[in-house]
Each structure stands twice: as C-alpha cells, then as structure tokens.
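What follows is a single structure, written as structure tokens, with notes after it.
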Amino acid sequence: MFTRHFKVWPRELPKTMTLPETSVFTNLEISARRYPDHNAIVFYDAPLTYRRLLEEVEAMAGYLQSQGVSKGDRVLLYMQNSPQYVIAYYAILRADAVVIPVNPMNRAAELEHFIADTGASICLAGQELADFIIPQLPETDLKQVVVASYSSYIKPDTDLDLPAEVAAPVWSRGVRGVVTWEAALGAGYKPSAHTAGPADLAVIPYSSGTTGAPKGCMHTHRSVMATAMHRAFWNLSTPDTVQLSTLPFFHVTGMTGSMNSPIYSGSTSVIMTRWDRTTAARLIERYRVTGWTNIVTMAVDFLSNPDIGQYDLSSLNTIGGGGAAMPAAVAEKLKTMTGLDYIEGYGLSETMAATHINPVKQPKSQCLGIPVFDVDSRIVDVDTLEEKGPGETGEIVSCGPQVTIGYWNRPAETEAAFVEIDGKRFFRTGDLGYYDEDGYFFMVDRVKRMINASGFKVWPSEVEGLMYRHPAIHEVCIISAPDPKRGETVKACIVLTPEAEGRTSAEDIVNWCREQMAAYKIPTIVEFMEALPKSPTGKLMWRALQEEEWKQHT
C-alpha cells in the first residue's frame, strides 16, 4: 500500500472510509426524507426542493418501467445540465437500470455507436438535441425518445441572461416515437420496489481508447458511491453547502462533484446549462455559493471579466478542478481575488472522477494531488512494470473502490487495462507521472495517444475513424497542434482521393465534420498532403507528424 502521502493527510479526516451497502439512488431518498423542503437545485432562480425532486424521479422511473425498462437495461441520457438531467439520471437508477451519459456535443455517427453498443431502446433527450437523436428511431433498435424542454423549469420573472436552449418554448411537435417530458411525468406510473445494490451496474460513461470507437467504462453503484462520498467528506460538505454546477453532468467530474456528491450530503446545486462568466458571478453572489468545481478555461474566463470586482464572492470557500494543470499566474490571480488556493485533482472516466486530490490546507501547484481514501497508487515502468521510487517517471497505476470493473463488451481491452501488483488489481491509466518525497503525484506526459483541448480529451483514432466516412478522404492522421487558448487543438493531415484533388477544400472537410462529431473533436487545422509517413511495415508514423508540427512552433 502506498502510504508516503499520509504525512500530509488532512488531520480532520480518516485515512479509510467504509462505503454504504446501498445504491446511489438511496442517497436521494435519504436526503429527501431528511431535508424535504430544502432546495436540491436552483436553476436560473427557479428552486426545486428535495421533496419535489424525489417525487419527479419516482414518476419518471415508473414511466420508464412502463415502457419495458427493466433491471440492468441501458438508457441513454442525452441532455445538457438542467433539473431534467438530474431527474432523468436518478430515475434511471431508481428503475434499477443503467445510465448511459451521452455528450450533448455528439452527433449522428457517435449516437449510432452508443445505441448499437449498449442496446438501448429509450433515450431521454433535451429538445435542442432532439433532431439529432430522433432520426435514429427507424434506423436502430431505439424505440422511443422522451424530449425535455428546459424552459418548463424556469421562472419567467428571472433577470438572468438565459441560454437560447433554456429560453426556448416548450416542445410541442408531434412525432412518432417521441413523448414529451411532461406527458411521461404525468402518466401516473409508479415504479416497482427498488432492488439495485452496490454490485449492480449504475453508470457507463464512455472513454475512447487508443484504437477503435469509444468504449464504455462499467461503474457499479459502489464505485459511483465512492467518489460521491469521498468528495463530500474531502470538502467537508454539509446540507448548507451551495455548489455552483458549471461542469457538464455527462462527464464524471461534473457528475460527481456537482450532482452526486451534493445529493449525498443534502446540499444545493446551482445549475447552469451553459457557461457564462457574468451569470456565474451573479449566481455566486445571489445564492452565497460556497464551492465551485471547474476547468482551467472557465477559471481564466471568469477572472478575465472586467466587471468581476463588482460582485461579492466572499461566500466561496472551495474552488478547484482538473482536466489540465492550472497555470501558476492564473492561480495567483484567483488567490488574490478570493483568498483561496485552486485545489487540483486527477481522475479518469475509468475511475469515476478523482483518485487523487490536493489537500485543501496543503496544496501544491500544477499537481495531481495525493491518493484519496483507500486508493493505492503507484508509479511503474511502462514495459517491465517495475515499481519506481520518488522522482522517477513511469506510468500511474491505481487501485481503489472507484475504479471501473471493466469495459462494456470489451473483455480483451479490459484485461489489457489492468495489472496485478502485490495481489491487487491496478488500473493502468496510460499517463506518465512521478511522485515526490511527500507523496504528491505530478503529470509528465501521456502514454496513450491523446489530445487535451481545454480539458476535453480527444482520441485521434476515434476522429480518424469518423473522418474515413468522408468519400474524399483517402488517408487521414489526426495529431495535436499548439493553441494559445486551448493548449492543444486538433489537426487533420489528409491525403485526398484522386477524384477529390482540387475539388475538396479544407472548409468542406471542417463543415462535414461539424455534422458528424462533437465540436471539440472537429479539426481546426486541415493540411492536405501527398502521402502520410509510414514505417517499413506500413504502420502510420503519427509521432513523426506530431513532432514536426510542434517543432515548427518552438
């Protein structure tokens, strides 16, 4: 067991934590019994109490079961942050089914994969996304889409600036196979007894690998419970904690820190559907927000607001996040303004968010943090798996209660992702790092081929697989390029078919990509080439292209 970090372990916390033998849904049930009239959610000035949240979860769970959803079935959740997202998520769990969180930036080709891979027959979707998912009804095994309109949970007299999708009128189109959110809730169905336990599947977030299409990380109620509970205790959350929820709930960091953990502790989530720095500042001031989990680009934009000094941010007592290292200059500016250190953490979709977090009272800058409750993390040689010592670089491997049990329908990839050390099963993160004498972990590089664009992880092989559908593309290689704002951006090196040469432009390629994939995956740079470099065995030498691209900018 790695224990070097115990010397800096928070004195007020135990080093181990016994997890409940209950489901994640039960957290909501308990908080609703304890604090029925306490606000679970504030959505652009509109409150939603724990009592009403539980009632609507029960109603939606009953509806899902009436449509044939049974224990272990997968249900797609394709929405942006909203009360409906929380209700849908917990309704799926209440129905003993499994949540499949889908990135709202995903489009046709990606949706096809999620439906085919999970066998989902029903999807709960936001109305702004309906036109992307509805066409899948006659083409796939998807049988029904429940469409939610965010505006039905908004107070008309709010003075906050609302995103277009939140202000849009309630969905009223009659489409075969489509049911409105209100109709589903009002159908009057009651769910059967809740039977899911700690070992049952709860959520399958998708994380792309270095080859092939995105793969689902199977998380049980126990692994989801672990990070929800760990986060609440690490930050000393109480029912009076108020969390600003700006990170997307489909992603494990937002799902854990801004939804599941607050519900576990009975606290309040102030939810934003889209990021807006002025609205964020107004909400912090208006609702006396105490905690905010974000990504670096949000923090930078927030601090760049010329009017930020006009808002009372004194209620904040915790600010942190992950996805990319926080620049020292930005962290210093944040501390000058709020008096708070930016608390960085580290985790993956495979670990349902954090395995490492910085101690709140002893953080280190640009640091992943220390292993949290019951996490055993090591640094090993990538090839030999020999364990490394302090200051030595190797692959980060972790064992803990929040680690996935494996990849959905991918036994070979599951086996390759784990290694046994000291009789325990460790997950191979694919990230290179080291730890210092005090047990703090630091990132060095990535073993896997991945692009980190503003904290969004882009897997080149997935983008290449989608782009090969374009009839003009003969060969394509996706690499990263330096970007002053995003850190890294996506570049496509393309060899056109003979028929397309001179007839297809970079703009044509980019426009096509916009219809096929999430915005953050779309190449911002397209370079046409006569040929792509290959090894003597015919293997694409992506690293050569990558190194040449970055060399041009040094």
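Here's how to read the names in the structure tokens: chain A, B, ... by the order shown, residue numbers from 1 in each chain, ligand numbers from 1 in the order shown.
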
With the cut-off set at 10 Å and counting only C-alpha atoms, tabulate each residue of segment 432-516 of chain A with an atom at most that distance from an atom of segment 286-295 of chain A, showing the nearest atom pair and its distance in Å to one decimal, ordered by chain and increasing number, as CSV.
```
residue,atom,partner,partner_atom,distance
A:Ser454,CA,A:Ile295,CA,7.9
A:Gly455,CA,A:Ile295,CA,6.8
A:Phe456,CA,A:Ile295,CA,9.7
```

Hey, could you make a per-residue contact list for segment 430-527 of chain A against segment 213-230 of chain A with 12 Å as the cut-off, showing the nearest pair of atoms and its distance in Å to one decimal, counting only C-alpha atoms, sorted by chain and number, as a tab-separated table?
```
residue	atom	partner	partner_atom	distance
A:Lys457	CA	A:Pro214	CA	11.7
A:Val458	CA	A:Pro214	CA	10.6
A:Trp459	CA	A:Pro214	CA	8.9
A:Pro460	CA	A:Ala213	CA	10.4
A:Ser461	CA	A:Ala213	CA	7.8
A:Glu462	CA	A:Ala213	CA	5.4
A:Val463	CA	A:Ala213	CA	8.9
A:Glu464	CA	A:Ala213	CA	9.9
A:Gly465	CA	A:Ala213	CA	7.5
A:Leu466	CA	A:Ala213	CA	9.0
```

Out of segment 353-434 of chain A, which residues get strand (DSSP E or B) from DSSP, as a compact mmCIF listing (two decimals) with C-alpha atoms, in the first residue's frame?
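Output file states.txt follows:
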```
# COMPACT_ATOMS: atom_id res chain seq x y z
CA ALA A 353 -13.55 11.15 -11.27
CA ALA A 354 -10.89 11.62 -8.62
CA THR A 355 -8.35 9.11 -7.39
CA HIS A 356 -6.04 11.97 -6.36
CA ILE A 357 -6.86 15.39 -4.84
CA GLY A 369 -2.68 15.71 -5.55
CA ILE A 370 -2.39 12.71 -3.23
CA PRO A 371 -4.29 9.41 -3.40
CA ASP A 376 -3.35 2.66 -3.63
CA SER A 377 -1.48 4.40 -6.44
CA ARG A 378 1.98 3.54 -7.75
CA ILE A 379 4.42 4.59 -10.46
CA VAL A 380 5.66 1.66 -12.57
CA GLU A 387 7.87 -0.07 -9.30
CA GLY A 394 6.67 5.94 -15.03
CA GLU A 395 3.05 5.04 -15.64
CA ILE A 396 0.48 5.92 -12.98
CA VAL A 397 -1.48 2.84 -11.88
CA SER A 398 -4.27 2.91 -9.29
CA CYS A 399 -6.34 0.51 -7.23
CA GLY A 406 -14.02 -3.14 -16.92
CA TYR A 407 -15.07 -2.03 -20.40
CA PHE A 418 -5.24 -3.98 -15.56
CA VAL A 419 -2.15 -5.41 -13.92
CA GLU A 420 -1.69 -7.33 -10.68
CA ILE A 421 0.69 -5.90 -8.08
CA LYS A 424 -4.21 -6.39 -6.05
CA ARG A 425 -5.77 -5.34 -9.38
CA PHE A 426 -4.39 -1.98 -10.56
CA PHE A 427 -5.78 0.09 -13.44
CA ARG A 428 -3.20 1.27 -15.98
CA THR A 429 -4.02 4.94 -16.58
CA GLY A 430 -1.79 5.39 -19.60
CA ASP A 431 -0.48 8.61 -18.02
CA LEU A 432 3.17 9.18 -17.24
CA GLY A 433 3.96 10.82 -13.93
CA TYR A 434 6.02 10.75 -10.76
```

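The space separating atom CA of Ala299 of chain A from atom CA of Ile478 of chain A comes to 28.5 Å.
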
query: Which neighbours of Leu496 of chain A fall inside 6 Å, counting only C-alpha atoms, when residues of the same chain fewer than 5 positions from it are skipped, and could you give them as a PyMOL selection string?
result: chain A and resi 472-474+501

message: Which residues are close to segment 302-305 of chain A, i.e. within 9 Å by only C-alpha atoms, leaving aside same-chain residues fewer than 3 positions away? Reply as number ranges by chain.
response: A: 276-278, 280-281, 297-299, 308-309, 330, 333-334, 337

- prompt: Quick one: residues within 10 Å of segment 482-494 of chain A, only C-alpha atoms counted, chain neighbours fewer than 4 positions away excluded, as a VMD selection string?
  reply: chain A and resid 296 to 297 300 324 451 to 456 458 to 460 463 to 464 467 472 to 478 506 509 to 510 520 to 532 542 545 to 546 549 to 550 552 to 554

Just write the chosen residues, C-alpha atoms, as an mmCIF file, in the first residue's frame.
```cif
data_model
loop_
_atom_site.group_PDB
_atom_site.id
_atom_site.type_symbol
_atom_site.label_atom_id
_atom_site.label_comp_id
_atom_site.auth_asym_id
_atom_site.auth_seq_id
_atom_site.Cartn_x
_atom_site.Cartn_y
_atom_site.Cartn_z
ATOM 1 C CA VAL A 296 -8.943 25.948 -16.203
ATOM 2 C CA THR A 297 -10.542 27.669 -19.203
ATOM 3 C CA VAL A 300 -9.411 32.032 -16.830
ATOM 4 C CA ALA A 324 -5.461 20.326 -17.253
ATOM 5 C CA ILE A 451 -5.101 15.369 -27.418
ATOM 6 C CA ASN A 452 -6.101 17.574 -24.473
ATOM 7 C CA ALA A 453 -8.067 20.546 -25.828
ATOM 8 C CA SER A 454 -9.185 22.806 -22.958
ATOM 9 C CA GLY A 455 -9.567 19.772 -20.739
ATOM 10 C CA PHE A 456 -11.598 17.829 -23.332
ATOM 11 C CA VAL A 458 -9.782 13.910 -27.989
ATOM 12 C CA TRP A 459 -8.692 10.487 -29.153
ATOM 13 C CA PRO A 460 -7.177 10.692 -32.653
ATOM 14 C CA VAL A 463 -11.781 11.077 -35.040
ATOM 15 C CA GLU A 464 -9.904 9.294 -37.826
ATOM 16 C CA MET A 467 -13.450 11.042 -40.916
ATOM 17 C CA ALA A 472 -12.978 12.438 -50.468
ATOM 18 C CA ILE A 473 -10.574 11.189 -47.810
ATOM 19 C CA HIS A 474 -8.102 8.513 -48.829
ATOM 20 C CA GLU A 475 -5.972 8.661 -45.699
ATOM 21 C CA VAL A 476 -6.080 10.761 -42.550
ATOM 22 C CA CYS A 477 -3.911 11.198 -39.485
ATOM 23 C CA ILE A 478 -5.056 13.241 -36.507
ATOM 24 C CA ALA A 506 -10.284 22.370 -46.009
ATOM 25 C CA ILE A 509 -13.868 18.909 -44.594
ATOM 26 C CA VAL A 510 -14.481 21.005 -41.483
ATOM 27 C CA TYR A 520 -14.265 19.841 -29.560
ATOM 28 C CA LYS A 521 -13.217 16.915 -31.795
ATOM 29 C CA ILE A 522 -13.511 18.864 -35.057
ATOM 30 C CA PRO A 523 -10.133 19.644 -36.671
ATOM 31 C CA THR A 524 -9.392 23.364 -36.508
ATOM 32 C CA ILE A 525 -6.466 22.855 -38.881
ATOM 33 C CA VAL A 526 -6.577 20.799 -42.072
ATOM 34 C CA GLU A 527 -3.434 20.126 -44.122
ATOM 35 C CA PHE A 528 -3.573 18.240 -47.402
ATOM 36 C CA MET A 529 -0.570 16.005 -48.115
ATOM 37 C CA GLU A 530 0.566 13.855 -50.995
ATOM 38 C CA ALA A 531 1.324 10.971 -48.636
ATOM 39 C CA LEU A 532 1.484 10.180 -44.927
ATOM 40 C CA TRP A 542 1.843 9.599 -36.434
ATOM 41 C CA LEU A 545 3.956 14.188 -37.907
ATOM 42 C CA GLN A 546 3.273 15.178 -34.307
ATOM 43 C CA GLU A 549 4.124 20.048 -36.063
ATOM 44 C CA TRP A 550 5.292 21.104 -32.612
ATOM 45 C CA GLN A 552 7.506 24.394 -36.178
ATOM 46 C CA HIS A 553 6.113 26.328 -33.216
ATOM 47 C CA THR A 554 9.173 26.250 -30.960
#
```

- request: Tell me, as number ranges by chain, which residues lie within 8 Å of Ala32 of chain A, counting only C-alpha atoms; anything in the same chain fewer than 3 positions away does not count.
  value: A: 28-29, 35-36, 50-51, 54, 266

Generate the output file for the selected residues, C-alpha atoms, as a compact mmCIF listing (two decimals), in the first residue's frame.
```txt
# COMPACT_ATOMS: atom_id res chain seq x y z
CA LEU A 28 -31.53 10.98 -2.87
CA GLU A 29 -34.20 9.08 -0.96
CA TYR A 35 -34.46 17.74 4.16
CA PRO A 36 -37.76 17.62 2.20
CA TYR A 50 -35.69 17.56 -2.38
CA ARG A 51 -39.33 16.56 -1.90
CA LEU A 54 -37.80 12.71 -5.40
CA GLY A 266 -28.22 17.03 1.06
```

query: Could you name the residues that touch segment 154-159 of chain A at 7 Å or less, counting only C-alpha atoms, but leaving out those on the same chain fewer than 4 positions away, as an MDAnalysis selection string?
result: chainID A and resid 43:46

Atomic separation - atom CA of Val24 of chain A relative to atom CA of Met1 of chain A, Å: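 Result for atom CA of Met1 of chain A versus atom CA of Val24 of chain A: 27.8 Å, one decimal.
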
Between atom CA of Ala164 of chain A and atom CA of Thr253 of chain A - distance in Å to one decimal: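 Taking atom CA of Thr253 of chain A as the start and atom CA of Ala164 of chain A as the end point, the length is 24.9 Å.
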
Once you count only C-alpha atoms, what closest atom pair and distance in Å to one decimal does each residue of segment 234-349 of chain A within 9 Å of segment 100-104 of chain A have, with rows by chain and rising residue number, as JSON lines?
```
{"residue": "A:Pro248", "atom": "CA", "partner": "A:Asn103", "partner_atom": "CA", "distance": 8.5}
{"residue": "A:Phe249", "atom": "CA", "partner": "A:Pro101", "partner_atom": "CA", "distance": 8.2}
{"residue": "A:Phe250", "atom": "CA", "partner": "A:Pro101", "partner_atom": "CA", "distance": 5.0}
{"residue": "A:His251", "atom": "CA", "partner": "A:Asn103", "partner_atom": "CA", "distance": 7.7}
```

Any chance you could tabulate, as a Markdown table, the residues of segment 145-249 of chain A at most 12 Å from segment 267-273 of chain A with each one's nearest atom pair and distance in Å to one decimal, using only C-alpha atoms, in chain and rising number order?
```
| residue | atom | partner | partner_atom | distance |
| --- | --- | --- | --- | --- |
| A:Tyr150 | CA | A:Thr273 | CA | 9.0 |
| A:Ser151 | CA | A:Thr273 | CA | 11.2 |
| A:Tyr153 | CA | A:Ile271 | CA | 11.7 |
| A:Ile154 | CA | A:Ile271 | CA | 11.7 |
| A:Leu160 | CA | A:Met272 | CA | 11.0 |
| A:Asp161 | CA | A:Met272 | CA | 10.9 |
| A:Leu162 | CA | A:Thr273 | CA | 8.8 |
| A:Pro163 | CA | A:Thr273 | CA | 7.4 |
| A:Ala164 | CA | A:Thr273 | CA | 10.0 |
| A:Glu165 | CA | A:Thr273 | CA | 8.6 |
| A:Val166 | CA | A:Thr273 | CA | 7.5 |
| A:Ala167 | CA | A:Thr273 | CA | 11.0 |
| A:Ala232 | CA | A:Ser267 | CA | 9.8 |
| A:Leu236 | CA | A:Ser267 | CA | 11.5 |
| A:Ser237 | CA | A:Ser267 | CA | 7.7 |
| A:Thr238 | CA | A:Ser267 | CA | 6.2 |
| A:Pro239 | CA | A:Ser267 | CA | 4.0 |
| A:Asp240 | CA | A:Ser267 | CA | 5.7 |
| A:Thr241 | CA | A:Ser267 | CA | 5.3 |
| A:Val242 | CA | A:Thr268 | CA | 4.8 |
| A:Gln243 | CA | A:Ser269 | CA | 4.8 |
| A:Leu244 | CA | A:Val270 | CA | 4.8 |
| A:Ser245 | CA | A:Ile271 | CA | 4.7 |
| A:Thr246 | CA | A:Met272 | CA | 5.5 |
| A:Leu247 | CA | A:Met272 | CA | 8.5 |
| A:Pro248 | CA | A:Thr273 | CA | 8.1 |
| A:Phe249 | CA | A:Thr273 | CA | 9.8 |
```

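Taking only segment 325-507 of chain A, the residues that DSSP calls alpha helix (DSSP H) from the backbone come to Ala328, Ala329, Val330, Ala331, Glu332, Lys333, Leu334, Lys335, Thr336, Met337, Thr338, Pro411, Ala412, Glu413, Thr414, Glu415, Ala416, Pro460, Ser461, Glu462, Val463, Glu464, Gly465, Leu466, Met467, Ala506 and Glu507 of chain A.
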
Residues just named, written with C-alpha atoms as a PDB file, in the first residue's frame:
```
ATOM      1  CA  ALA A 328       0.608  29.484 -11.810  1.00  0.00           C
ATOM      2  CA  ALA A 329      -0.218  33.060 -12.873  1.00  0.00           C
ATOM      3  CA  VAL A 330      -3.937  32.292 -13.012  1.00  0.00           C
ATOM      4  CA  ALA A 331      -3.850  30.536  -9.635  1.00  0.00           C
ATOM      5  CA  GLU A 332      -2.126  33.563  -8.105  1.00  0.00           C
ATOM      6  CA  LYS A 333      -4.734  35.931  -9.524  1.00  0.00           C
ATOM      7  CA  LEU A 334      -7.518  33.710  -8.194  1.00  0.00           C
ATOM      8  CA  LYS A 335      -5.977  33.642  -4.732  1.00  0.00           C
ATOM      9  CA  THR A 336      -5.522  37.418  -4.708  1.00  0.00           C
ATOM     10  CA  MET A 337      -9.194  37.862  -5.555  1.00  0.00           C
ATOM     11  CA  THR A 338     -10.736  35.180  -3.318  1.00  0.00           C
ATOM     12  CA  PRO A 411     -13.027  -8.350 -22.454  1.00  0.00           C
ATOM     13  CA  ALA A 412      -9.667  -8.142 -24.241  1.00  0.00           C
ATOM     14  CA  GLU A 413      -9.307  -4.417 -23.615  1.00  0.00           C
ATOM     15  CA  THR A 414     -10.406  -4.901 -20.014  1.00  0.00           C
ATOM     16  CA  GLU A 415      -7.689  -7.473 -19.473  1.00  0.00           C
ATOM     17  CA  ALA A 416      -5.067  -5.217 -21.065  1.00  0.00           C
ATOM     18  CA  PRO A 460      -7.177  10.692 -32.653  1.00  0.00           C
ATOM     19  CA  SER A 461      -8.146   7.174 -33.669  1.00  0.00           C
ATOM     20  CA  GLU A 462     -11.825   7.874 -32.964  1.00  0.00           C
ATOM     21  CA  VAL A 463     -11.781  11.077 -35.040  1.00  0.00           C
ATOM     22  CA  GLU A 464      -9.904   9.294 -37.826  1.00  0.00           C
ATOM     23  CA  GLY A 465     -12.498   6.516 -37.818  1.00  0.00           C
ATOM     24  CA  LEU A 466     -15.296   9.043 -38.267  1.00  0.00           C
ATOM     25  CA  MET A 467     -13.450  11.042 -40.916  1.00  0.00           C
ATOM     26  CA  ALA A 506     -10.284  22.370 -46.009  1.00  0.00           C
ATOM     27  CA  GLU A 507     -13.519  24.235 -45.344  1.00  0.00           C
TER      28      GLU A 507
END
```

Top pick for closest residue to Trp512 of chain A, considering A:Pro471, A:Met259, A:Pro14, A:Ala325 and counting only C-alpha atoms: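 Closest to Trp512 of chain A of all the choices is A:Pro471.
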
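Take the candidates A:Gln516, A:Gln402, A:Asn358, A:Ser505 and check each one against Pro10 of chain A using only C-alpha atoms; the shortest distance goes to A:Asn358.
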